[in-house]
Amino acid sequence: VSLFGVFVALLLLHLLHSTFSSQNRPEPPGPRPLPVFGNLFQVDLKRLDQSLFNLSKKYGPVFQVYFGPKKVVVLAGYRTVKEALVNQADEFGDRDICPLFYDLNQEYGILFSNGDSWKEMRRFALSALRDFGMGRKMSEEIIIEECGYLIKEFEQFEGEAFDNTQAINYATSNVISALMFGKRFEYKDPVFQTMVERDNETIHLMGTASLVIYNMIPWMGPFLKNWTDLMKNMENNKADIRKIIADLKQTLDPETCRCFIDAFLIRKNQLEDLEMKSSHYRDENLLYSVINLFAAGTDTTATTLKWSLLYMVRFPQIQDRVQEELSRVVGSRQVRIEDRKNLPYTDAVIHEIQRLANIVPMALPHATSKDITLQGHLIKEGTTVFPLLTSVLYDESEWESPHSFNPSHFLDDEGKFIRRDAFMPFSAGRRACLGESLAKMELFLFFASLLQHFQFTPPPEVSEDELDLKPVVGLTLAPKPQKLCAVCRL
Ligand code: HEM
C-alpha cells in the first residue's frame, strides 16, 4: 500500500507541477489562427512589419502569429528586443533556416547558417575585414577613392535631374569588391553591371509575397516564377564568384594577402598542411561567405545612401545646416573619418536617416536554441523569432517624435552628438550586422563628400512636398527610384 501511495503522490505532484508551470509560463498571446491559413488574413504581407507593429499594440511586446502552419514569435519595442537579443543572446542567437534560406546557401557561409561553422566563418570574416581595413586605414582609402568616382559620375549630369540608383549601387558594390576581390570595377563594365543588377534583383525577389508562400508550401517552388528566377540568379552568381576565386587562386602568394578571398585560401592551405581534415575552411564556405558579404553589404548601404539624398532634398534647411557645418569644419579638402567627431550635426543627421528609413524592418528571422521564458511566456526550442526593428526605431517611449525627421534625437542641448541605445538599425546581439563598422564608415564618407560637392534639389517642375517618401517594400525598404538634381557647390 505504501509503495502505491508514494506512486500516486508522485503522479499527483507531477501533474500539479506541469499544470502550474504551463499556467505560469503560457505561450505568448496572439490572434486566433484559422486552420491551414493561420493568421495570414490578419496581416498585410505587403507591409508586414507595420502590421505586426500594429498587432503588438493589441497583444503586447511578445506575441505569436501563424503563417500557415508556421508559428512565429514577434518581439516588439526596444526593451523587449534588447532583453532577448542582448541579455539572452545565446538563446535567441540562432538563424531560422527556412526552406528558402536552405535552398540559397545549404547552411554554408554566414547569413543562413548556425553552429560551429557559422561561428568560425563569422569570426574569420570579422577579423579578415578588420585586417584589411575596418580598423585600419585601408578601407578608408578604398571608400575615399570610390567617393571620387561617384562624384565624377554625378558631375556628368551638370545639374540636370537624373536617377542616382545605379551609380550609388556601383559605388557601394565596388567597396565590397575591393575588400573581397582586391579590385574595383569600372561602372561601365558589363560583367560588373550584371553582377550588381543580379544582386539587387535577388534582394527584391527574396522579399516578395510568393516566397513567403514558398516557405509554407515548399513543393510549390518549381511552379513559382519568383522562386525559379531566384534559383537561376543564384546559379549565375555562383558561377561568377567561382571564376573570380579560381583566378585569385592561380596568382596566390602566401606572403602578400590582397583581399578576403586570399586570406581564406591562405588559412585553408595552412590547415590542410596541418592535416586538419575537419576544418570549416572549405570551398563551399568560401563561396557562400563571399556571396553573403556581397549581398548583405551592398544593397543595404546603397539603399541608405539613396534615402539620405532624398531626405536632404525633402528637408532643405537640414541640408543647409549640414553643408554649413562641413564648410566650417572641413572646407574643401577631402573629408576623413577622424573629422566625424567634429561634425556632430552631420553625424546626427546620418543617424536620423538610418532611424527613419528603417531599411531592414524585421532584421532576419532568428530561432530559439532552447526552451526559454521571456517576460513570463514560454517559447519552445526551435521557434522562429522576428525581432521587429521597426518597433525599436519607432518606439514611442524611446523617441521624442518617432515619426518625423528630427536630428535632435541624437543631439544634446549644447548640440553635441549623443548615442541612443534604441538606435538599432544593425540589430543587436550574436547575429548583429557583421558589417556595421564598414557601413558606418561608408555612410559617413559618401554622405559628407557628396554634400560637400553638391547641392541636392528636386527636378525643376517638382516641389519638395511632392517627393515620394513611401518605400518600395522587399527584404529592405528602399526609396522609389526618382530623379534628383546634383548642382555643383565648389
Ligand atoms: C546582418 C543591417 C551593412 C554584412 C544584418 C542584419 C541587419 C543588418 C539588420 C540582421 C541582424 C539580425 O539577424 O539580427 C545592415 C544595415 C547596413 C548593413 C542597415 C548598412 C546600412 C552591411 C555590410 C556588410 C554586412 C556593409 C558586409 C560587409 C552582414 C552579415 C550579416 C548581416 C554578414 C549576417 C550576420 C549573421 O547572421 O551572423 N545586417 N547591414 N552588412 N549583415 Fe548587415
# chains A, B, ... in the order shown; residues from 1 in each chain; ligands from 1
call {"tool": "residues_around", "arguments": {"residues": "Tyr170 of chain A", "least_positions_apart": "4", "cutoff": "8 Å", "atoms": "only C-alpha atoms", "output": "list in words"}}
result
Gln166, Asn174, Tyr187, Gln193 and Val196 of chain A
call {"tool": "write_last_selection", "arguments": {"atoms": "N, CA, C and O atoms", "output": "compact mmCIF listing (two decimals), in the first residue's frame"}}
result
# COMPACT_ATOMS: atom_id res chain seq x y z
N GLN A 166 21.63 53.62 -59.98
CA GLN A 166 22.71 52.73 -60.46
C GLN A 166 24.07 53.17 -59.94
O GLN A 166 24.83 52.35 -59.43
N ASN A 174 31.52 48.42 -55.34
CA ASN A 174 32.97 48.49 -55.55
C ASN A 174 33.75 48.45 -54.24
O ASN A 174 34.86 47.91 -54.20
N TYR A 187 32.37 51.53 -63.78
CA TYR A 187 30.91 51.48 -63.72
C TYR A 187 30.31 50.97 -65.04
O TYR A 187 29.20 50.48 -65.08
N GLN A 193 28.18 45.26 -64.13
CA GLN A 193 26.79 45.75 -64.14
C GLN A 193 25.83 44.58 -63.92
O GLN A 193 24.87 44.68 -63.15
N VAL A 196 25.89 43.38 -60.27
CA VAL A 196 25.21 44.29 -59.34
C VAL A 196 23.69 44.20 -59.55
O VAL A 196 22.92 44.12 -58.58
call {"tool": "residues_near_ligand", "arguments": {"ligand": "ligand 1", "cutoff": "7 Å", "atoms": "only C-alpha atoms and all ligand atoms", "output": "MDAnalysis selection string"}}
result
chainID A and resid 95 110:112 122 176 292:294 296:298 300:301 304 359:360 363:366 425:428 430:436 438:440
call {"tool": "atom_distance", "arguments": {"atom1": "atom CA of Asp253 of chain A", "atom2": "atom CA of Leu126 of chain A"}}
result
21.9 Å
call {"tool": "closest_atom_pairs", "arguments": {"of": "segment 249-305 of chain A", "to": "segment 231-243 of chain A", "cutoff": "9 Å", "atoms": "only C-alpha atoms", "output": "JSON lines"}}
result
{"residue": "A:Leu287", "atom": "CA", "partner": "A:Ile241", "partner_atom": "CA", "distance": 6.9}
{"residue": "A:Tyr288", "atom": "CA", "partner": "A:Lys238", "partner_atom": "CA", "distance": 8.3}
{"residue": "A:Val290", "atom": "CA", "partner": "A:Ile241", "partner_atom": "CA", "distance": 7.9}
{"residue": "A:Ile291", "atom": "CA", "partner": "A:Ile241", "partner_atom": "CA", "distance": 7.6}
call {"tool": "residues_around", "arguments": {"residues": "Gly221 of chain A", "least_positions_apart": "2", "cutoff": "12 Å", "atoms": "only C-alpha atoms", "output": "mmCIF file with N, CA, C and O atoms, in the first residue's frame"}}
result
data_model
loop_
_atom_site.group_PDB
_atom_site.id
_atom_site.type_symbol
_atom_site.label_atom_id
_atom_site.label_comp_id
_atom_site.auth_asym_id
_atom_site.auth_seq_id
_atom_site.Cartn_x
_atom_site.Cartn_y
_atom_site.Cartn_z
ATOM 1 N N PRO A 99 12.962 27.023 -45.648
ATOM 2 C CA PRO A 99 13.313 26.338 -46.900
ATOM 3 C C PRO A 99 14.051 27.242 -47.899
ATOM 4 O O PRO A 99 15.013 26.820 -48.531
ATOM 5 N N LEU A 100 13.626 28.508 -47.988
ATOM 6 C CA LEU A 100 14.267 29.407 -48.947
ATOM 7 C C LEU A 100 15.742 29.634 -48.601
ATOM 8 O O LEU A 100 16.618 29.579 -49.472
ATOM 9 N N ASP A 103 17.708 26.582 -49.531
ATOM 10 C CA ASP A 103 17.943 26.494 -50.982
ATOM 11 C C ASP A 103 19.081 27.421 -51.402
ATOM 12 O O ASP A 103 19.881 27.091 -52.266
ATOM 13 N N SER A 210 5.245 35.835 -52.773
ATOM 14 C CA SER A 210 5.161 34.435 -53.218
ATOM 15 C C SER A 210 6.246 33.582 -52.552
ATOM 16 O O SER A 210 6.079 32.375 -52.407
ATOM 17 N N LEU A 211 7.332 34.203 -52.113
ATOM 18 C CA LEU A 211 8.352 33.415 -51.433
ATOM 19 C C LEU A 211 7.997 33.163 -49.962
ATOM 20 O O LEU A 211 8.470 32.205 -49.363
ATOM 21 N N VAL A 212 7.111 33.997 -49.409
ATOM 22 C CA VAL A 212 6.561 33.691 -48.085
ATOM 23 C C VAL A 212 5.720 32.415 -48.232
ATOM 24 O O VAL A 212 5.775 31.491 -47.419
ATOM 25 N N ILE A 213 4.961 32.341 -49.327
ATOM 26 C CA ILE A 213 4.122 31.156 -49.582
ATOM 27 C C ILE A 213 5.021 29.929 -49.812
ATOM 28 O O ILE A 213 4.754 28.843 -49.309
ATOM 29 N N TYR A 214 6.112 30.141 -50.550
ATOM 30 C CA TYR A 214 7.035 29.029 -50.793
ATOM 31 C C TYR A 214 7.531 28.427 -49.472
ATOM 32 O O TYR A 214 7.594 27.209 -49.319
ATOM 33 N N ASN A 215 7.857 29.293 -48.506
ATOM 34 C CA ASN A 215 8.352 28.789 -47.220
ATOM 35 C C ASN A 215 7.306 27.946 -46.492
ATOM 36 O O ASN A 215 7.639 27.084 -45.695
ATOM 37 N N MET A 216 6.019 28.210 -46.783
ATOM 38 C CA MET A 216 4.971 27.419 -46.131
ATOM 39 C C MET A 216 4.708 26.124 -46.896
ATOM 40 O O MET A 216 4.401 25.097 -46.321
ATOM 41 N N ILE A 217 4.819 26.206 -48.244
ATOM 42 C CA ILE A 217 4.494 25.033 -49.076
ATOM 43 C C ILE A 217 5.636 24.822 -50.074
ATOM 44 O O ILE A 217 5.523 25.139 -51.274
ATOM 45 N N PRO A 218 6.775 24.281 -49.605
ATOM 46 C CA PRO A 218 7.980 24.260 -50.447
ATOM 47 C C PRO A 218 7.828 23.466 -51.753
ATOM 48 O O PRO A 218 8.513 23.797 -52.724
ATOM 49 N N TRP A 219 6.937 22.476 -51.811
ATOM 50 C CA TRP A 219 6.844 21.729 -53.073
ATOM 51 C C TRP A 219 6.348 22.606 -54.212
ATOM 52 O O TRP A 219 6.446 22.248 -55.384
ATOM 53 N N PHE A 223 6.825 25.822 -59.387
ATOM 54 C CA PHE A 223 5.685 26.472 -60.070
ATOM 55 C C PHE A 223 5.656 27.973 -59.816
ATOM 56 O O PHE A 223 4.807 28.685 -60.359
ATOM 57 N N LEU A 224 6.549 28.448 -58.949
ATOM 58 C CA LEU A 224 6.544 29.887 -58.632
ATOM 59 C C LEU A 224 7.665 30.578 -59.406
ATOM 60 O O LEU A 224 8.841 30.254 -59.218
ATOM 61 N N LYS A 225 7.280 31.549 -60.242
ATOM 62 C CA LYS A 225 8.286 32.195 -61.095
ATOM 63 C C LYS A 225 9.385 32.879 -60.256
ATOM 64 O O LYS A 225 10.562 32.780 -60.584
ATOM 65 N N ASN A 226 8.969 33.535 -59.164
ATOM 66 C CA ASN A 226 9.971 34.235 -58.352
ATOM 67 C C ASN A 226 11.002 33.269 -57.772
ATOM 68 O O ASN A 226 12.177 33.603 -57.652
ATOM 69 N N TRP A 227 10.548 32.078 -57.407
ATOM 70 C CA TRP A 227 11.488 31.097 -56.855
ATOM 71 C C TRP A 227 12.442 30.604 -57.946
ATOM 72 O O TRP A 227 13.653 30.541 -57.746
ATOM 73 N N THR A 228 11.894 30.289 -59.137
ATOM 74 C CA THR A 228 12.785 29.790 -60.202
ATOM 75 C C THR A 228 13.756 30.897 -60.638
ATOM 76 O O THR A 228 14.933 30.636 -60.869
ATOM 77 N N ASP A 229 13.270 32.141 -60.695
ATOM 78 C CA ASP A 229 14.176 33.254 -61.062
ATOM 79 C C ASP A 229 15.296 33.395 -60.033
ATOM 80 O O ASP A 229 16.462 33.608 -60.380
ATOM 81 N N LEU A 230 14.915 33.264 -58.763
ATOM 82 C CA LEU A 230 15.893 33.416 -57.688
ATOM 83 C C LEU A 230 16.957 32.322 -57.770
ATOM 84 O O LEU A 230 18.157 32.600 -57.627
ATOM 85 N N MET A 231 16.527 31.093 -58.020
ATOM 86 C CA MET A 231 17.490 29.986 -58.102
ATOM 87 C C MET A 231 18.422 30.179 -59.305
ATOM 88 O O MET A 231 19.616 29.896 -59.240
#
call {"tool": "select_by_dssp", "arguments": {"residues": "segment 37-102 of chain A", "states": "helix (DSSP H, G or I)", "output": "PyMOL selection string"}}
result
chain A and resi 40-42+45-59+78-87+99-102
call {"tool": "closest_residue", "arguments": {"among": "A:Gly415, A:Gly77, A:Pro471, A:Pro361", "to": "Glu396 of chain A", "atoms": "only C-alpha atoms"}}
result
A:Gly77
call {"tool": "select_by_dssp", "arguments": {"residues": "segment 111-253 of chain A", "states": "strand (DSSP E or B)", "output": "VMD selection string"}}
result
chain A and resid 161 to 163 253
call {"tool": "atom_distance", "arguments": {"atom1": "atom CA of Asp116 of chain A", "atom2": "atom CA of Tyr281 of chain A"}}
result
11.7 Å
call {"tool": "residues_around", "arguments": {"residues": "segment 457-468 of chain A", "least_positions_apart": "6", "cutoff": "10 Å", "atoms": "only C-alpha atoms", "output": "ChimeraX atom specification"}}
result
/A:159-162,309-316,319,479-487
call {"tool": "atom_distance", "arguments": {"atom1": "atom CA of Glu83 of chain A", "atom2": "atom CA of Ile379 of chain A"}}
result
14.1 Å
call {"tool": "residues_around", "arguments": {"residues": "Ala128 of chain A", "least_positions_apart": "5", "cutoff": "12 Å", "atoms": "only C-alpha atoms", "output": "list in words"}}
result
Glu120, Met121, Arg122, Arg123, Gly133, Met134, Gly135, Arg136, Ser139, Leu179, Met180, Cys257, Arg258, Cys259, Phe260, Ile261, Asp262, Ala263, Phe264, Leu265, Ile266, Arg267, Ser289, Leu434 and Gly435 of chain A
call {"tool": "closest_residue", "arguments": {"among": "A:Ser401, A:Asn39, A:Gln334, A:Ser117", "to": "Glu145 of chain A", "atoms": "only C-alpha atoms"}}
result
A:Gln334
call {"tool": "closest_residue", "arguments": {"among": "A:Cys98, A:Leu451, A:Met206, A:Ala478", "to": "Val322 of chain A", "atoms": "only C-alpha atoms"}}
result
A:Leu451
call {"tool": "residues_around", "arguments": {"residues": "Tyr108 of chain A", "least_positions_apart": "2", "cutoff": "7 Å", "atoms": "only C-alpha atoms", "output": "list in words"}}
result
Asn105, Gln106, Ile110, Ser113, Glu284, Asn285 and Tyr288 of chain A
call {"tool": "write_last_selection", "arguments": {"atoms": "all heavy atoms", "output": "tab-separated table (two decimals), in the first residue's frame"}}
result
chain	number	residue	atom	x	y	z
A	105	ASN	N	21.74	28.74	-49.60
A	105	ASN	CA	23.12	28.56	-49.11
A	105	ASN	C	23.45	27.19	-48.54
A	105	ASN	O	24.57	26.98	-48.06
A	105	ASN	CB	23.42	29.61	-48.02
A	105	ASN	CG	23.58	31.01	-48.56
A	105	ASN	OD1	23.90	31.93	-47.82
A	105	ASN	ND2	23.37	31.22	-49.84
A	106	GLN	N	22.49	26.28	-48.51
A	106	GLN	CA	22.71	24.93	-47.94
A	106	GLN	C	23.43	24.96	-46.58
A	106	GLN	O	24.29	24.10	-46.30
A	106	GLN	CB	23.50	24.04	-48.92
A	106	GLN	CG	22.66	23.50	-50.06
A	106	GLN	CD	22.80	24.38	-51.28
A	106	GLN	OE1	23.91	24.61	-51.72
A	106	GLN	NE2	21.69	24.88	-51.78
A	110	ILE	N	27.65	32.66	-43.87
A	110	ILE	CA	27.44	33.37	-42.60
A	110	ILE	C	25.97	33.72	-42.35
A	110	ILE	O	25.47	33.58	-41.24
A	110	ILE	CB	28.25	34.70	-42.59
A	110	ILE	CG1	29.71	34.44	-42.98
A	110	ILE	CG2	28.19	35.36	-41.22
A	110	ILE	CD1	30.49	35.68	-43.34
A	113	SER	N	23.36	30.24	-41.68
A	113	SER	CA	23.98	29.04	-41.13
A	113	SER	C	23.96	29.16	-39.61
A	113	SER	O	23.68	30.23	-39.06
A	113	SER	CB	25.42	28.93	-41.64
A	113	SER	OG	26.15	30.07	-41.22
A	284	GLU	N	32.96	25.46	-50.15
A	284	GLU	CA	31.56	25.94	-50.07
A	284	GLU	C	31.46	27.13	-49.12
A	284	GLU	O	30.72	28.09	-49.38
A	284	GLU	CB	30.63	24.84	-49.54
A	284	GLU	CG	30.44	23.65	-50.45
A	284	GLU	CD	31.48	22.57	-50.19
A	284	GLU	OE1	32.50	22.89	-49.52
A	284	GLU	OE2	31.30	21.43	-50.65
A	285	ASN	N	32.19	27.05	-47.99
A	285	ASN	CA	32.11	28.16	-47.03
A	285	ASN	C	32.72	29.43	-47.60
A	285	ASN	O	32.24	30.53	-47.34
A	285	ASN	CB	32.79	27.78	-45.71
A	285	ASN	CG	31.78	27.32	-44.67
A	285	ASN	OD1	30.60	27.69	-44.74
A	285	ASN	ND2	32.21	26.52	-43.72
A	288	TYR	N	30.06	30.78	-50.32
A	288	TYR	CA	28.84	31.39	-49.77
A	288	TYR	C	29.15	32.57	-48.86
A	288	TYR	O	28.35	33.50	-48.78
A	288	TYR	CB	28.00	30.33	-49.05
A	288	TYR	CG	27.34	29.39	-50.04
A	288	TYR	CD1	27.75	28.07	-50.16
A	288	TYR	CD2	26.33	29.84	-50.89
A	288	TYR	CE1	27.17	27.21	-51.09
A	288	TYR	CE2	25.75	28.99	-51.82
A	288	TYR	CZ	26.17	27.68	-51.91
A	288	TYR	OH	25.60	26.85	-52.84
